[in-house]
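S.K.: Take a look at this one; I'll ask things after.
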Amino acid sequence: MQQHPTSNEICPEPRDLGRALCIITGASKGFGWTLAFQLSCLLKPRSVLMLVARTAEQLNRLKEDIINLYGGQNQLDVRCVQADLEKKEGVEKTVQAAKETSVSEMDHILLINNAASLGDVSRFALTFTDPVEVNRYLALNVSGALSVTAGVLQALPRRLGLRRSVVNISSLCALKPFPSWVLYCTGKAARDMMFRVLAAEEPDVRVLSYAPGPLDTDMQLQARRSSGDLQLRRSFSSMFSEGQLLSCEESGAKLMKLLLDNDFQSGSHLDFYEL
């Protein structure tokens with residue numbers, strides 16, 4: 001179980017993201033879990049933090065920890081939405097929860113598309129002969145992200161004084177092929193292009209694809225243990241043993257700075273190591 005950090009560790013920043021509705025998908029563990037803490041102290045009083053994930057128990061524990069840490073002092077309204085974004089019902093439930101939030105006095109809508117899965121990285125491209133299996137992967141990692149984003153932006157349309165921001169948690173895999181990672185690389189590349197198109201179509205929406213670098217998470221553990229490509233497996237194992245993996249807090253802090261500075265080019269792909 002992840003330990004929650006202290007408010008001093010996570011809230012060194014005097015600036016804020018306004019009174020916001022902030023939605024984080026895949027919030028119950030890993031990078032999403034850390035982002036929930038980091039964002040919660042950058043939101044003005046009476047903001048709404050909406051945590052979306054498949055596991056209700058973990059979401060409720062996260063909500064409790066956030067409220068105990070600083071929910072009372074900044075009047076943060078933390079809401080949990082148990083939803084599987086691989087399924088239409090999960091997408092609709094998430095969009096409905098956003099619709100039911102009163103945003104008339106909000107000055108910022110922030111959607112963090114973090115929910116993702118690694119897929120089966122033990123096999124190579126030529127083994128994926130079943131389109132049902134491939135489509136199941138893409139349902140969460142591509143279709144779900146697009147449908148949630150479209151639904152939220154439709155439900156909460158542009159108006160004077162309202163900033164709307166969408167973050168896609170991306171990866172180096174969106175740009176570079178990794179043997180035995182065909183599903184993951186495909187999903188990340190598709191998502192990057194999807195959000196570039198969104199930025200071109202909706203100039204009032206601030207769109208960012210952020211690649212957080214190699215994070216010390218359960219997904220990274222799965223990569224070290226299961227990658228079908230031996231060289232890749234060795235590379236990840238040596239990064240782990242040599243302490244080269246990044247903490248979620250360290251990478252999340254760079255994303256927070258990007259959002260606070262708000263001077264990135266909309267639609268751009270920015271990597272932890274470029275900042």
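Identifiers for the structure tokens are assigned positionally: chains receive A, B, ... in sequence, residues are indexed from 1 per chain, and ligands are indexed from 1 in the order shown.
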As number ranges by chain, please: every residue in stretch 23-212 of chain A that a backbone DSSP assignment puts in helix (DSSP H, G or I).
M.R.: A: 30-40, 56-71, 88-99, 125-127, 131-155, 172-174, 182-201
S.K.: Please provide as an NGL selection string all residues within 6 Å of stretch 103-118 of chain A, with the sequence filter that same-chain residues fewer than 4 positions apart are discarded (counting only C-alpha atoms).
M.R.: :A and (19-26 or 141 or 162-169 or 184)
S.K.: Write out as a Markdown table the residues of stretch 143-220 of chain A that have any atom within 9 Å of an atom of stretch 246-258 of chain A, one row each with the nearest atom pair and its distance in Å to one decimal, counting only C-alpha atoms, sorted by chain and then rising number.
M.R.:
| residue | atom | partner | partner_atom | distance |
| --- | --- | --- | --- | --- |
| A:Tyr210 | CA | A:Leu255 | CA | 7.3 |
| A:Pro212 | CA | A:Ser251 | CA | 5.6 |
| A:Gly213 | CA | A:Leu246 | CA | 7.0 |
| A:Pro214 | CA | A:Leu246 | CA | 5.9 |
| A:Leu215 | CA | A:Leu246 | CA | 4.7 |
| A:Asp216 | CA | A:Ser247 | CA | 5.7 |
| A:Thr217 | CA | A:Cys248 | CA | 7.9 |
S.K.: Those residues you just picked out, can you put them in a file as a compact mmCIF listing (two decimals), in the first residue's frame with C-alpha atoms?
M.R.:
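Generated file (result.txt):
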# COMPACT_ATOMS: atom_id res chain seq x y z
CA TYR A 210 3.11 14.60 -20.60
CA PRO A 212 6.43 11.14 -16.91
CA GLY A 213 9.55 9.02 -17.48
CA PRO A 214 10.24 5.53 -16.01
CA LEU A 215 8.28 5.54 -12.75
CA ASP A 216 8.79 3.19 -9.82
CA THR A 217 5.26 1.70 -9.91
S.K.: List as a list in words the protein and nucleic acid residues near A:Ala190, meaning an atom at most 10 Å away when only C-alpha atoms are counted, but skip any in the same chain fewer than 2 places from it.
M.R.: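 Contacts, with the query itself left out: Leu138, Asn141, Val142, Ser143, Ala174, Tyr184, Cys185, Thr186, Gly187, Lys188, Asp192, Met193, Met194, Phe195 and Arg196 of chain A.
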S.K.: For the residues selected in the previous step, produce a file with all heavy atoms as an mmCIF file, in the first residue's frame.
M.R.:
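Full text of result-v1.cif as output:
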data_model
loop_
_atom_site.group_PDB
_atom_site.id
_atom_site.type_symbol
_atom_site.label_atom_id
_atom_site.label_comp_id
_atom_site.auth_asym_id
_atom_site.auth_seq_id
_atom_site.Cartn_x
_atom_site.Cartn_y
_atom_site.Cartn_z
ATOM 1 N N LEU A 138 -7.596 -1.597 -26.581
ATOM 2 C CA LEU A 138 -7.795 -0.244 -27.101
ATOM 3 C C LEU A 138 -9.026 0.428 -26.497
ATOM 4 O O LEU A 138 -9.093 1.658 -26.418
ATOM 5 C CB LEU A 138 -7.907 -0.280 -28.630
ATOM 6 C CG LEU A 138 -6.642 -0.750 -29.379
ATOM 7 C CD1 LEU A 138 -6.911 -0.833 -30.865
ATOM 8 C CD2 LEU A 138 -5.461 0.176 -29.101
ATOM 9 N N ASN A 141 -7.614 2.096 -23.342
ATOM 10 C CA ASN A 141 -6.444 2.946 -23.518
ATOM 11 C C ASN A 141 -6.586 4.015 -24.601
ATOM 12 O O ASN A 141 -5.857 5.003 -24.585
ATOM 13 C CB ASN A 141 -5.218 2.074 -23.776
ATOM 14 C CG ASN A 141 -4.855 1.256 -22.555
ATOM 15 O OD1 ASN A 141 -4.230 1.757 -21.645
ATOM 16 N ND2 ASN A 141 -5.295 -0.003 -22.520
ATOM 17 N N VAL A 142 -7.522 3.817 -25.522
ATOM 18 C CA VAL A 142 -7.738 4.820 -26.571
ATOM 19 C C VAL A 142 -9.198 5.303 -26.555
ATOM 20 O O VAL A 142 -9.469 6.474 -26.300
ATOM 21 C CB VAL A 142 -7.361 4.264 -27.971
ATOM 22 C CG1 VAL A 142 -7.612 5.314 -29.050
ATOM 23 C CG2 VAL A 142 -5.892 3.831 -27.993
ATOM 24 N N SER A 143 -10.115 4.391 -26.802
ATOM 25 C CA SER A 143 -11.535 4.782 -26.901
ATOM 26 C C SER A 143 -12.040 5.433 -25.622
ATOM 27 O O SER A 143 -12.732 6.457 -25.668
ATOM 28 C CB SER A 143 -12.400 3.560 -27.226
ATOM 29 O OG SER A 143 -11.869 2.844 -28.314
ATOM 30 N N ALA A 174 5.074 6.428 -27.009
ATOM 31 C CA ALA A 174 4.250 7.067 -28.040
ATOM 32 C C ALA A 174 5.098 7.430 -29.253
ATOM 33 O O ALA A 174 4.581 7.596 -30.354
ATOM 34 C CB ALA A 174 3.586 8.315 -27.484
ATOM 35 N N TYR A 184 0.931 -1.470 -25.958
ATOM 36 C CA TYR A 184 1.185 -0.251 -25.195
ATOM 37 C C TYR A 184 1.675 0.883 -26.099
ATOM 38 O O TYR A 184 1.184 2.011 -26.018
ATOM 39 C CB TYR A 184 2.209 -0.534 -24.087
ATOM 40 C CG TYR A 184 2.357 0.583 -23.087
ATOM 41 C CD1 TYR A 184 1.391 0.794 -22.099
ATOM 42 C CD2 TYR A 184 3.463 1.427 -23.107
ATOM 43 C CE1 TYR A 184 1.517 1.812 -21.173
ATOM 44 C CE2 TYR A 184 3.608 2.456 -22.175
ATOM 45 C CZ TYR A 184 2.629 2.640 -21.209
ATOM 46 O OH TYR A 184 2.753 3.659 -20.300
ATOM 47 N N CYS A 185 2.630 0.589 -26.959
ATOM 48 C CA CYS A 185 3.161 1.615 -27.876
ATOM 49 C C CYS A 185 2.065 2.135 -28.809
ATOM 50 O O CYS A 185 1.972 3.341 -29.058
ATOM 51 C CB CYS A 185 4.317 1.047 -28.692
ATOM 52 S SG CYS A 185 5.825 0.754 -27.751
ATOM 53 N N THR A 186 1.254 1.221 -29.318
ATOM 54 C CA THR A 186 0.157 1.608 -30.215
ATOM 55 C C THR A 186 -0.833 2.514 -29.500
ATOM 56 O O THR A 186 -1.250 3.555 -30.028
ATOM 57 C CB THR A 186 -0.566 0.353 -30.740
ATOM 58 O OG1 THR A 186 0.366 -0.445 -31.474
ATOM 59 C CG2 THR A 186 -1.737 0.718 -31.643
ATOM 60 N N GLY A 187 -1.220 2.114 -28.289
ATOM 61 C CA GLY A 187 -2.172 2.909 -27.511
ATOM 62 C C GLY A 187 -1.641 4.302 -27.208
ATOM 63 O O GLY A 187 -2.364 5.300 -27.356
ATOM 64 N N LYS A 188 -0.382 4.387 -26.799
ATOM 65 C CA LYS A 188 0.187 5.687 -26.440
ATOM 66 C C LYS A 188 0.361 6.582 -27.678
ATOM 67 O O LYS A 188 0.127 7.795 -27.606
ATOM 68 C CB LYS A 188 1.524 5.503 -25.720
ATOM 69 C CG LYS A 188 1.394 4.939 -24.310
ATOM 70 C CD LYS A 188 0.593 5.863 -23.401
ATOM 71 C CE LYS A 188 0.540 5.381 -21.965
ATOM 72 N NZ LYS A 188 -0.358 6.184 -21.122
ATOM 73 N N ASP A 192 -1.573 10.216 -28.237
ATOM 74 C CA ASP A 192 -0.858 11.467 -28.521
ATOM 75 C C ASP A 192 -1.468 12.186 -29.727
ATOM 76 O O ASP A 192 -1.711 13.394 -29.691
ATOM 77 C CB ASP A 192 0.624 11.182 -28.787
ATOM 78 C CG ASP A 192 1.497 11.436 -27.556
ATOM 79 O OD1 ASP A 192 1.012 11.186 -26.430
ATOM 80 O OD2 ASP A 192 2.648 11.879 -27.711
ATOM 81 N N MET A 193 -1.716 11.430 -30.806
ATOM 82 C CA MET A 193 -2.275 12.040 -32.010
ATOM 83 C C MET A 193 -3.708 12.523 -31.768
ATOM 84 O O MET A 193 -4.111 13.589 -32.239
ATOM 85 C CB MET A 193 -2.232 11.064 -33.189
ATOM 86 C CG MET A 193 -2.762 11.657 -34.491
ATOM 87 S SD MET A 193 -1.992 13.248 -34.945
ATOM 88 C CE MET A 193 -0.394 12.695 -35.531
ATOM 89 N N MET A 194 -4.448 11.742 -31.011
ATOM 90 C CA MET A 194 -5.818 12.098 -30.663
ATOM 91 C C MET A 194 -5.856 13.475 -29.995
ATOM 92 O O MET A 194 -6.671 14.344 -30.332
ATOM 93 C CB MET A 194 -6.314 11.039 -29.671
ATOM 94 C CG MET A 194 -7.759 10.883 -29.493
ATOM 95 S SD MET A 194 -8.002 9.263 -28.689
ATOM 96 C CE MET A 194 -7.618 9.612 -26.989
ATOM 97 N N PHE A 195 -4.941 13.703 -29.053
ATOM 98 C CA PHE A 195 -4.922 14.970 -28.325
ATOM 99 C C PHE A 195 -4.303 16.101 -29.136
ATOM 100 O O PHE A 195 -4.638 17.268 -28.915
ATOM 101 C CB PHE A 195 -4.253 14.776 -26.959
ATOM 102 C CG PHE A 195 -5.129 14.001 -26.004
ATOM 103 C CD1 PHE A 195 -4.886 12.661 -25.719
ATOM 104 C CD2 PHE A 195 -6.241 14.590 -25.428
ATOM 105 C CE1 PHE A 195 -5.705 11.945 -24.874
ATOM 106 C CE2 PHE A 195 -7.078 13.893 -24.577
ATOM 107 C CZ PHE A 195 -6.818 12.567 -24.300
ATOM 108 N N ARG A 196 -3.454 15.768 -30.078
ATOM 109 C CA ARG A 196 -2.964 16.807 -31.005
ATOM 110 C C ARG A 196 -4.107 17.310 -31.889
ATOM 111 O O ARG A 196 -4.238 18.501 -32.147
ATOM 112 C CB ARG A 196 -1.824 16.245 -31.870
ATOM 113 C CG ARG A 196 -0.492 16.160 -31.147
ATOM 114 C CD ARG A 196 0.568 15.496 -32.001
ATOM 115 N NE ARG A 196 0.889 16.282 -33.195
ATOM 116 C CZ ARG A 196 1.676 15.851 -34.181
ATOM 117 N NH1 ARG A 196 2.199 14.625 -34.124
ATOM 118 N NH2 ARG A 196 1.936 16.619 -35.207
#
S.K.: Which residue gives the smallest distance to A:Arg54 among A:Leu85, A:Leu76, A:Val152, A:Val197, with only C-alpha atoms counted?
M.R.: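 Checking each of A:Leu85, A:Leu76, A:Val152, A:Val197 against A:Arg54, counting only C-alpha atoms, the winner is A:Leu85.
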S.K.: From the set A:Leu183, A:Ala98, A:Leu39, A:Val78, which residue has the shortest atom-to-atom contact distance to A:Ser122, counting only C-alpha atoms?
M.R.: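 Answer, going by the shortest atom-to-atom distance: A:Leu183.
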S.K.: Closest to A:Phe37 among A:Thr94, A:Ser180, A:Asn68, A:Thr55, using only C-alpha atoms?
M.R.: A:Asn68
S.K.: Let's see if you can do this: from backbone DSSP, list all strand (DSSP E or B) residues in stretch 9-247 of chain A, as an NGL selection string.
M.R.: :A and (20-25 or 48-53 or 77-82 or 108-113 or 163-169 or 205-211 or 215 or 246)
S.K.: When distances are computed from only C-alpha atoms, which of A:Ala139, A:Leu62, A:Asp77, A:Val121 shows the smallest separation from A:Arg233?
M.R.: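 Once distances to A:Arg233 are computed over only C-alpha atoms, the minimum belongs to A:Val121.
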S.K.: Would you work out the distance separating atom CA of A:Gly119 from atom CA of A:Lys93, expressed in Å to one decimal?
M.R.: 24.1 Å
S.K.: I'd like the contact shell of A:Pro203 - 10 Å cut-off, only C-alpha atoms, skipping same-chain residues fewer than 4 positions apart - returned as an MDAnalysis selection string.
M.R.: chainID A and resid 198:199 207 266:267
S.K.: A:Asp65, A:Asp204, A:Asp218, A:Asp271: which is nearest A:Ser40, counting only C-alpha atoms?
M.R.: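 The answer is A:Asp65, which sits nearest to A:Ser40.
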S.K.: Using only C-alpha atoms, which of the listed residues (A:Thr149, A:Thr101, A:Gln58, A:Ser209) sits closest to A:Phe264?
M.R.: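 Closest to A:Phe264 of all the choices is A:Ser209.
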